>>> print(open('final20.pdb').read())   # PDB, N, CA and C atoms
ATOM      1  N   MET A1371      -7.697 -22.155 -37.126
ATOM      2  CA  MET A1371      -6.566 -21.588 -36.396
ATOM      3  C   MET A1371      -7.020 -20.801 -35.161
ATOM      4  N   PRO A1372      -8.085 -19.984 -35.254
ATOM      5  CA  PRO A1372      -8.521 -19.260 -34.057
ATOM      6  C   PRO A1372      -8.948 -20.186 -32.926
ATOM      7  N   ILE A1373      -9.472 -21.368 -33.254
ATOM      8  CA  ILE A1373      -9.888 -22.312 -32.211
ATOM      9  C   ILE A1373      -8.666 -22.821 -31.449
ATOM     10  N   VAL A1374      -7.599 -23.119 -32.168
ATOM     11  CA  VAL A1374      -6.361 -23.597 -31.541
ATOM     12  C   VAL A1374      -5.772 -22.510 -30.655
ATOM     13  N   LEU A1375      -5.763 -21.289 -31.162
ATOM     14  CA  LEU A1375      -5.237 -20.161 -30.385
ATOM     15  C   LEU A1375      -6.063 -19.923 -29.130
ATOM     16  N   THR A1376      -7.374 -20.019 -29.254
ATOM     17  CA  THR A1376      -8.256 -19.857 -28.097
ATOM     18  C   THR A1376      -7.995 -20.948 -27.070
ATOM     19  N   ALA A1377      -7.839 -22.159 -27.512
ATOM     20  CA  ALA A1377      -7.575 -23.283 -26.608
ATOM     21  C   ALA A1377      -6.237 -23.101 -25.894
ATOM     22  N   MET A1378      -5.223 -22.644 -26.616
ATOM     23  CA  MET A1378      -3.904 -22.430 -26.014
ATOM     24  C   MET A1378      -3.951 -21.306 -24.986
ATOM     25  N   LEU A1379      -4.634 -20.224 -25.306
ATOM     26  CA  LEU A1379      -4.737 -19.112 -24.360
ATOM     27  C   LEU A1379      -5.541 -19.498 -23.119
ATOM     28  N   THR A1380      -6.571 -20.302 -23.294
ATOM     29  CA  THR A1380      -7.351 -20.791 -22.159
ATOM     30  C   THR A1380      -6.483 -21.656 -21.244
ATOM     31  N   ALA A1381      -5.712 -22.555 -21.830
ATOM     32  CA  ALA A1381      -4.827 -23.418 -21.045
ATOM     33  C   ALA A1381      -3.769 -22.583 -20.330
ATOM     34  N   LEU A1382      -3.203 -21.607 -21.024
ATOM     35  CA  LEU A1382      -2.201 -20.741 -20.407
ATOM     36  C   LEU A1382      -2.812 -19.949 -19.255
ATOM     37  N   GLY A1383      -4.025 -19.477 -19.442
ATOM     38  CA  GLY A1383      -4.719 -18.734 -18.391
ATOM     39  C   GLY A1383      -4.948 -19.584 -17.159
ATOM     40  N   LYS A1384      -5.322 -20.851 -17.363
ATOM     41  CA  LYS A1384      -5.536 -21.753 -16.234
ATOM     42  C   LYS A1384      -4.238 -22.024 -15.478
ATOM     43  N   VAL A1385      -3.162 -22.204 -16.207
ATOM     44  CA  VAL A1385      -1.856 -22.449 -15.576
ATOM     45  C   VAL A1385      -1.417 -21.229 -14.779
ATOM     46  N   LEU A1386      -1.540 -20.059 -15.365
ATOM     47  CA  LEU A1386      -1.146 -18.832 -14.663
ATOM     48  C   LEU A1386      -2.008 -18.595 -13.431
ATOM     49  N   LEU A1387      -3.297 -18.863 -13.522
ATOM     50  CA  LEU A1387      -4.187 -18.692 -12.388
ATOM     51  C   LEU A1387      -3.823 -19.652 -11.261
ATOM     52  N   SER A1388      -3.506 -20.903 -11.596
ATOM     53  CA  SER A1388      -3.136 -21.862 -10.556
ATOM     54  C   SER A1388      -1.808 -21.484  -9.900
ATOM     55  N   MET A1389      -0.871 -20.944 -10.671
ATOM     56  CA  MET A1389       0.401 -20.493 -10.103
ATOM     57  C   MET A1389       0.174 -19.291  -9.186
ATOM     58  N   PHE A1390      -0.688 -18.386  -9.604
ATOM     59  CA  PHE A1390      -0.978 -17.194  -8.820
ATOM     60  C   PHE A1390      -1.660 -17.560  -7.505
ATOM     61  N   THR A1391      -2.629 -18.460  -7.542
ATOM     62  CA  THR A1391      -3.321 -18.843  -6.313
ATOM     63  C   THR A1391      -2.417 -19.671  -5.399
ATOM     64  N   ALA A1392      -1.437 -20.356  -5.950
ATOM     65  CA  ALA A1392      -0.506 -21.122  -5.123
ATOM     66  C   ALA A1392       0.371 -20.213  -4.280
ATOM     67  N   LEU A1393       0.557 -18.969  -4.704
ATOM     68  CA  LEU A1393       1.354 -18.027  -3.927
ATOM     69  C   LEU A1393       0.685 -17.654  -2.609
ATOM     70  N   PHE A1394      -0.630 -17.717  -2.586
ATOM     71  CA  PHE A1394      -1.360 -17.268  -1.418
ATOM     72  C   PHE A1394      -1.427 -18.331  -0.335
ATOM     73  N   THR A1395      -0.285 -18.747   0.114
ATOM     74  CA  THR A1395      -0.207 -19.662   1.236
ATOM     75  C   THR A1395      -0.301 -18.854   2.515
ATOM     76  N   GLU A1396      -0.465 -19.526   3.617
ATOM     77  CA  GLU A1396      -0.561 -18.844   4.904
ATOM     78  C   GLU A1396       0.712 -18.048   5.203
ATOM     79  N   LYS A1397       1.856 -18.621   4.910
ATOM     80  CA  LYS A1397       3.127 -17.948   5.168
ATOM     81  C   LYS A1397       3.242 -16.669   4.337
ATOM     82  N   PHE A1398       2.869 -16.750   3.060
ATOM     83  CA  PHE A1398       2.931 -15.592   2.180
ATOM     84  C   PHE A1398       2.024 -14.477   2.688
ATOM     85  N   LEU A1399       0.820 -14.834   3.079
ATOM     86  CA  LEU A1399      -0.121 -13.825   3.564
ATOM     87  C   LEU A1399       0.366 -13.174   4.856
ATOM     88  N   LYS A1400       0.936 -13.964   5.756
ATOM     89  CA  LYS A1400       1.469 -13.402   7.000
ATOM     90  C   LYS A1400       2.590 -12.402   6.706
ATOM     91  N   ILE A1401       3.496 -12.775   5.833
ATOM     92  CA  ILE A1401       4.612 -11.888   5.498
ATOM     93  C   ILE A1401       4.098 -10.624   4.820
ATOM     94  N   ALA A1402       3.115 -10.764   3.938
ATOM     95  CA  ALA A1402       2.559  -9.599   3.248
ATOM     96  C   ALA A1402       1.862  -8.653   4.217
ATOM     97  N   ILE A1403       1.109  -9.202   5.159
ATOM     98  CA  ILE A1403       0.405  -8.371   6.140
ATOM     99  C   ILE A1403       1.391  -7.655   7.046
ATOM    100  N   VAL A1404       2.393  -8.377   7.550
ATOM    101  CA  VAL A1404       3.379  -7.758   8.441
ATOM    102  C   VAL A1404       4.183  -6.696   7.689
ATOM    103  N   SER A1405       4.529  -6.951   6.449
ATOM    104  CA  SER A1405       5.262  -5.947   5.666
ATOM    105  C   SER A1405       4.426  -4.689   5.466
ATOM    106  N   GLY A1406       3.150  -4.867   5.186
ATOM    107  CA  GLY A1406       2.257  -3.716   5.047
ATOM    108  C   GLY A1406       2.120  -2.935   6.343
ATOM    109  N   LEU A1407       1.986  -3.646   7.446
ATOM    110  CA  LEU A1407       1.887  -2.980   8.746
ATOM    111  C   LEU A1407       3.174  -2.240   9.093
ATOM    112  N   GLU A1408       4.321  -2.829   8.747
ATOM    113  CA  GLU A1408       5.599  -2.157   8.991
ATOM    114  C   GLU A1408       5.698  -0.858   8.203
ATOM    115  N   LYS A1409       5.251  -0.888   6.958
ATOM    116  CA  LYS A1409       5.295   0.310   6.119
ATOM    117  C   LYS A1409       4.388   1.403   6.693
ATOM    118  N   ILE A1410       3.205   1.022   7.121
ATOM    119  CA  ILE A1410       2.274   1.989   7.712
ATOM    120  C   ILE A1410       2.833   2.543   9.017
ATOM    121  N   ALA A1411       3.361   1.660   9.864
ATOM    122  CA  ALA A1411       3.878   2.082  11.161
ATOM    123  C   ALA A1411       5.077   3.017  11.015
ATOM    124  N   SER A1412       5.870   2.833   9.981
ATOM    125  CA  SER A1412       7.049   3.684   9.806
ATOM    126  C   SER A1412       6.681   5.089   9.330
ATOM    127  N   LYS A1413       5.481   5.249   8.762
ATOM    128  CA  LYS A1413       5.082   6.547   8.229
ATOM    129  C   LYS A1413       4.197   7.352   9.174
ATOM    130  N   THR A1414       3.821   6.783  10.303
ATOM    131  CA  THR A1414       2.922   7.489  11.213
ATOM    132  C   THR A1414       3.581   7.729  12.556
ATOM    133  N   GLN A1415       2.982   8.617  13.324
ATOM    134  CA  GLN A1415       3.463   8.927  14.671
ATOM    135  C   GLN A1415       2.633   8.215  15.737
ATOM    136  N   SER A1416       1.579   7.542  15.333
ATOM    137  CA  SER A1416       0.656   6.895  16.255
ATOM    138  C   SER A1416       1.281   5.654  16.877
ATOM    139  N   GLU A1417       0.917   5.392  18.131
ATOM    140  CA  GLU A1417       1.391   4.182  18.792
ATOM    141  C   GLU A1417       0.460   3.008  18.528
ATOM    142  N   LEU A1418      -0.754   3.304  18.075
ATOM    143  CA  LEU A1418      -1.724   2.242  17.830
ATOM    144  C   LEU A1418      -1.239   1.279  16.753
ATOM    145  N   ASP A1419      -0.717   1.807  15.660
ATOM    146  CA  ASP A1419      -0.239   0.919  14.601
ATOM    147  C   ASP A1419       1.022   0.168  15.015
ATOM    148  N   ASP A1420       1.844   0.780  15.865
ATOM    149  CA  ASP A1420       3.017   0.079  16.385
ATOM    150  C   ASP A1420       2.589  -1.104  17.254
ATOM    151  N   LYS A1421       1.537  -0.890  18.059
ATOM    152  CA  LYS A1421       1.026  -1.972  18.908
ATOM    153  C   LYS A1421       0.416  -3.084  18.064
ATOM    154  N   LEU A1422      -0.307  -2.711  17.006
ATOM    155  CA  LEU A1422      -0.891  -3.705  16.118
ATOM    156  C   LEU A1422       0.193  -4.527  15.427
ATOM    157  N   LEU A1423       1.242  -3.869  14.979
ATOM    158  CA  LEU A1423       2.366  -4.563  14.342
ATOM    159  C   LEU A1423       3.029  -5.525  15.322
ATOM    160  N   ALA A1424       3.281  -5.051  16.537
ATOM    161  CA  ALA A1424       3.909  -5.910  17.543
ATOM    162  C   ALA A1424       3.020  -7.104  17.880
ATOM    163  N   ALA A1425       1.711  -6.879  17.980
ATOM    164  CA  ALA A1425       0.789  -7.974  18.283
ATOM    165  C   ALA A1425       0.757  -8.999  17.151
ATOM    166  N   ALA A1426       0.769  -8.530  15.909
ATOM    167  CA  ALA A1426       0.765  -9.451  14.769
ATOM    168  C   ALA A1426       2.047 -10.270  14.736
ATOM    169  N   LYS A1427       3.172  -9.619  14.963
ATOM    170  CA  LYS A1427       4.448 -10.343  14.956
ATOM    171  C   LYS A1427       4.503 -11.361  16.091
ATOM    172  N   GLU A1428       4.003 -10.978  17.263
ATOM    173  CA  GLU A1428       4.024 -11.894  18.396
ATOM    174  C   GLU A1428       3.087 -13.082  18.159
ATOM    175  N   ALA A1429       1.899 -12.795  17.638
ATOM    176  CA  ALA A1429       0.925 -13.863  17.417
ATOM    177  C   ALA A1429       1.394 -14.855  16.366
ATOM    178  N   TRP A1430       2.083 -14.362  15.355
ATOM    179  CA  TRP A1430       2.510 -15.226  14.261
ATOM    180  C   TRP A1430       3.952 -15.690  14.387
ATOM    181  N   GLY A1431       4.654 -15.301  15.461
ATOM    182  CA  GLY A1431       6.031 -15.752  15.674
ATOM    183  C   GLY A1431       6.979 -15.255  14.611
ATOM    184  N   MET A1432       6.814 -13.999  14.208
ATOM    185  CA  MET A1432       7.644 -13.443  13.135
ATOM    186  C   MET A1432       8.932 -12.868  13.719
ATOM    187  N   ASP A1433      10.043 -13.173  13.060
ATOM    188  CA  ASP A1433      11.329 -12.602  13.436
ATOM    189  C   ASP A1433      11.356 -11.148  12.964
ATOM    190  N   GLU A1434      11.723 -10.215  13.836
ATOM    191  CA  GLU A1434      11.675  -8.799  13.488
ATOM    192  C   GLU A1434      12.658  -8.420  12.384
ATOM    193  N   LYS A1435      13.794  -9.095  12.297
ATOM    194  CA  LYS A1435      14.790  -8.724  11.300
ATOM    195  C   LYS A1435      14.510  -9.342   9.933
ATOM    196  N   LYS A1436      14.115 -10.595   9.909
ATOM    197  CA  LYS A1436      13.967 -11.303   8.654
ATOM    198  C   LYS A1436      12.550 -11.214   8.075
ATOM    199  N   GLY A1437      11.544 -11.025   8.917
ATOM    200  CA  GLY A1437      10.180 -11.017   8.438
ATOM    201  C   GLY A1437       9.661 -12.399   8.096
ATOM    202  N   GLU A1438      10.311 -13.427   8.663
ATOM    203  CA  GLU A1438       9.905 -14.804   8.404
ATOM    204  C   GLU A1438       9.563 -15.470   9.732
ATOM    205  N   PRO A1439       8.718 -16.479   9.691
ATOM    206  CA  PRO A1439       8.384 -17.189  10.915
ATOM    207  C   PRO A1439       9.608 -17.840  11.537
ATOM    208  N   ASN A1440       9.647 -17.809  12.869
ATOM    209  CA  ASN A1440      10.755 -18.431  13.596
ATOM    210  C   ASN A1440      10.628 -19.943  13.519
ATOM    211  N   ALA A1441      11.743 -20.599  13.425
ATOM    212  CA  ALA A1441      11.758 -22.053  13.444
ATOM    213  C   ALA A1441      11.725 -22.519  14.900
ATOM    214  N   LYS A1442      10.654 -23.185  15.281
ATOM    215  CA  LYS A1442      10.523 -23.640  16.683
ATOM    216  C   LYS A1442      10.379 -25.130  16.727
TER     217      LYS A1442
END
>>> encode(input="final20.pdb", output="structure tokens")
Amino acid sequence: MPIVLTAMLTALGKVLLSMFTALFTEKFLKIAIVSGLEKIASKTQSELDDKLLAAAKEAWGMDEKKGEPNAK
């Protein structure tokens, strides 16, 4: 019985790992980075982080309201 349980948990672990790594697409990473930069920029008084956020959004074609890439 422990062998069957070990095999099932191993298979479940592989499935969960593949689902987790599938989330890390380019679009997901861009949205995550821009969201993090927005959070940092909203909490500081510095203009440097605002410029970095604007540059990231411009480079990646991110819509300021939706946080998603523009359809071009």
>>> select_by_dssp(input="final20.pdb", residues="segment 1373-1442 of chain A", states="alpha helix (DSSP H)", output="PyMOL selection string")
chain A and resi 1373-1393+1396-1413+1418-1430
>>> residues_around(input="final20.pdb", residues="segment 1410-1414 of chain A", least_positions_apart="5", cutoff="8 Å", atoms="only C-alpha atoms", output="ChimeraX atom specification")
/A:1419-1420,1423
>>> residues_around(input="final20.pdb", residues="segment 1387-1400 of chain A", least_positions_apart="2", cutoff="10 Å", atoms="only C-alpha atoms", output="PDB file with N, CA and C atoms, keeping the file's coordinate frame")
ATOM      1  N   ALA A1381      -5.712 -22.555 -21.830  1.00  0.00           N
ATOM      2  CA  ALA A1381      -4.827 -23.418 -21.045  1.00  0.00           C
ATOM      3  C   ALA A1381      -3.769 -22.583 -20.330  1.00  0.00           C
ATOM      4  N   LEU A1382      -3.203 -21.607 -21.024  1.00  0.00           N
ATOM      5  CA  LEU A1382      -2.201 -20.741 -20.407  1.00  0.00           C
ATOM      6  C   LEU A1382      -2.812 -19.949 -19.255  1.00  0.00           C
ATOM      7  N   GLY A1383      -4.025 -19.477 -19.442  1.00  0.00           N
ATOM      8  CA  GLY A1383      -4.719 -18.734 -18.391  1.00  0.00           C
ATOM      9  C   GLY A1383      -4.948 -19.584 -17.159  1.00  0.00           C
ATOM     10  N   LYS A1384      -5.322 -20.851 -17.363  1.00  0.00           N
ATOM     11  CA  LYS A1384      -5.536 -21.753 -16.234  1.00  0.00           C
ATOM     12  C   LYS A1384      -4.238 -22.024 -15.478  1.00  0.00           C
ATOM     13  N   VAL A1385      -3.162 -22.204 -16.207  1.00  0.00           N
ATOM     14  CA  VAL A1385      -1.856 -22.449 -15.576  1.00  0.00           C
ATOM     15  C   VAL A1385      -1.417 -21.229 -14.779  1.00  0.00           C
ATOM     16  N   ALA A1402       3.115 -10.764   3.938  1.00  0.00           N
ATOM     17  CA  ALA A1402       2.559  -9.599   3.248  1.00  0.00           C
ATOM     18  C   ALA A1402       1.862  -8.653   4.217  1.00  0.00           C
ATOM     19  N   ILE A1403       1.109  -9.202   5.159  1.00  0.00           N
ATOM     20  CA  ILE A1403       0.405  -8.371   6.140  1.00  0.00           C
ATOM     21  C   ILE A1403       1.391  -7.655   7.046  1.00  0.00           C
ATOM     22  N   VAL A1404       2.393  -8.377   7.550  1.00  0.00           N
ATOM     23  CA  VAL A1404       3.379  -7.758   8.441  1.00  0.00           C
ATOM     24  C   VAL A1404       4.183  -6.696   7.689  1.00  0.00           C
ATOM     25  N   SER A1405       4.529  -6.951   6.449  1.00  0.00           N
ATOM     26  CA  SER A1405       5.262  -5.947   5.666  1.00  0.00           C
ATOM     27  C   SER A1405       4.426  -4.689   5.466  1.00  0.00           C
ATOM     28  N   GLY A1406       3.150  -4.867   5.186  1.00  0.00           N
ATOM     29  CA  GLY A1406       2.257  -3.716   5.047  1.00  0.00           C
ATOM     30  C   GLY A1406       2.120  -2.935   6.343  1.00  0.00           C
ATOM     31  N   ALA A1426       0.769  -8.530  15.909  1.00  0.00           N
ATOM     32  CA  ALA A1426       0.765  -9.451  14.769  1.00  0.00           C
ATOM     33  C   ALA A1426       2.047 -10.270  14.736  1.00  0.00           C
ATOM     34  N   LYS A1427       3.172  -9.619  14.963  1.00  0.00           N
ATOM     35  CA  LYS A1427       4.448 -10.343  14.956  1.00  0.00           C
ATOM     36  C   LYS A1427       4.503 -11.361  16.091  1.00  0.00           C
ATOM     37  N   TRP A1430       2.083 -14.362  15.355  1.00  0.00           N
ATOM     38  CA  TRP A1430       2.510 -15.226  14.261  1.00  0.00           C
ATOM     39  C   TRP A1430       3.952 -15.690  14.387  1.00  0.00           C
ATOM     40  N   MET A1432       6.814 -13.999  14.208  1.00  0.00           N
ATOM     41  CA  MET A1432       7.644 -13.443  13.135  1.00  0.00           C
ATOM     42  C   MET A1432       8.932 -12.868  13.719  1.00  0.00           C
ATOM     43  N   GLY A1437      11.544 -11.025   8.917  1.00  0.00           N
ATOM     44  CA  GLY A1437      10.180 -11.017   8.438  1.00  0.00           C
ATOM     45  C   GLY A1437       9.661 -12.399   8.096  1.00  0.00           C
ATOM     46  N   GLU A1438      10.311 -13.427   8.663  1.00  0.00           N
ATOM     47  CA  GLU A1438       9.905 -14.804   8.404  1.00  0.00           C
ATOM     48  C   GLU A1438       9.563 -15.470   9.732  1.00  0.00           C
ATOM     49  N   PRO A1439       8.718 -16.479   9.691  1.00  0.00           N
ATOM     50  CA  PRO A1439       8.384 -17.189  10.915  1.00  0.00           C
ATOM     51  C   PRO A1439       9.608 -17.840  11.537  1.00  0.00           C
TER      52      PRO A1439
END
>>> atom_distance(input="final20.pdb", atom1="atom C of Ile1401 of chain A", atom2="atom N of Ala1425 of chain A")
13.9 Å
>>> atom_distance(input="final20.pdb", atom1="atom N of Lys1409 of chain A", atom2="atom N of Glu1428 of chain A")
14.5 Å
>>> axis_aligned_box(input="final20.pdb", around="segment 1414-1428 of chain A", padding_each_side="3 Å", output="JSON")
{"center_x": 1.4, "center_y": -2.1, "center_z": 14.6, "size_x": 12.2, "size_y": 28.0, "size_z": 14.6}
>>> closest_residue(input="final20.pdb", among="A:Leu1386, A:Ala1429, A:Ala1424, A:Leu1375", to="Leu1407 of chain A", atoms="only C-alpha atoms")
A:Ala1424
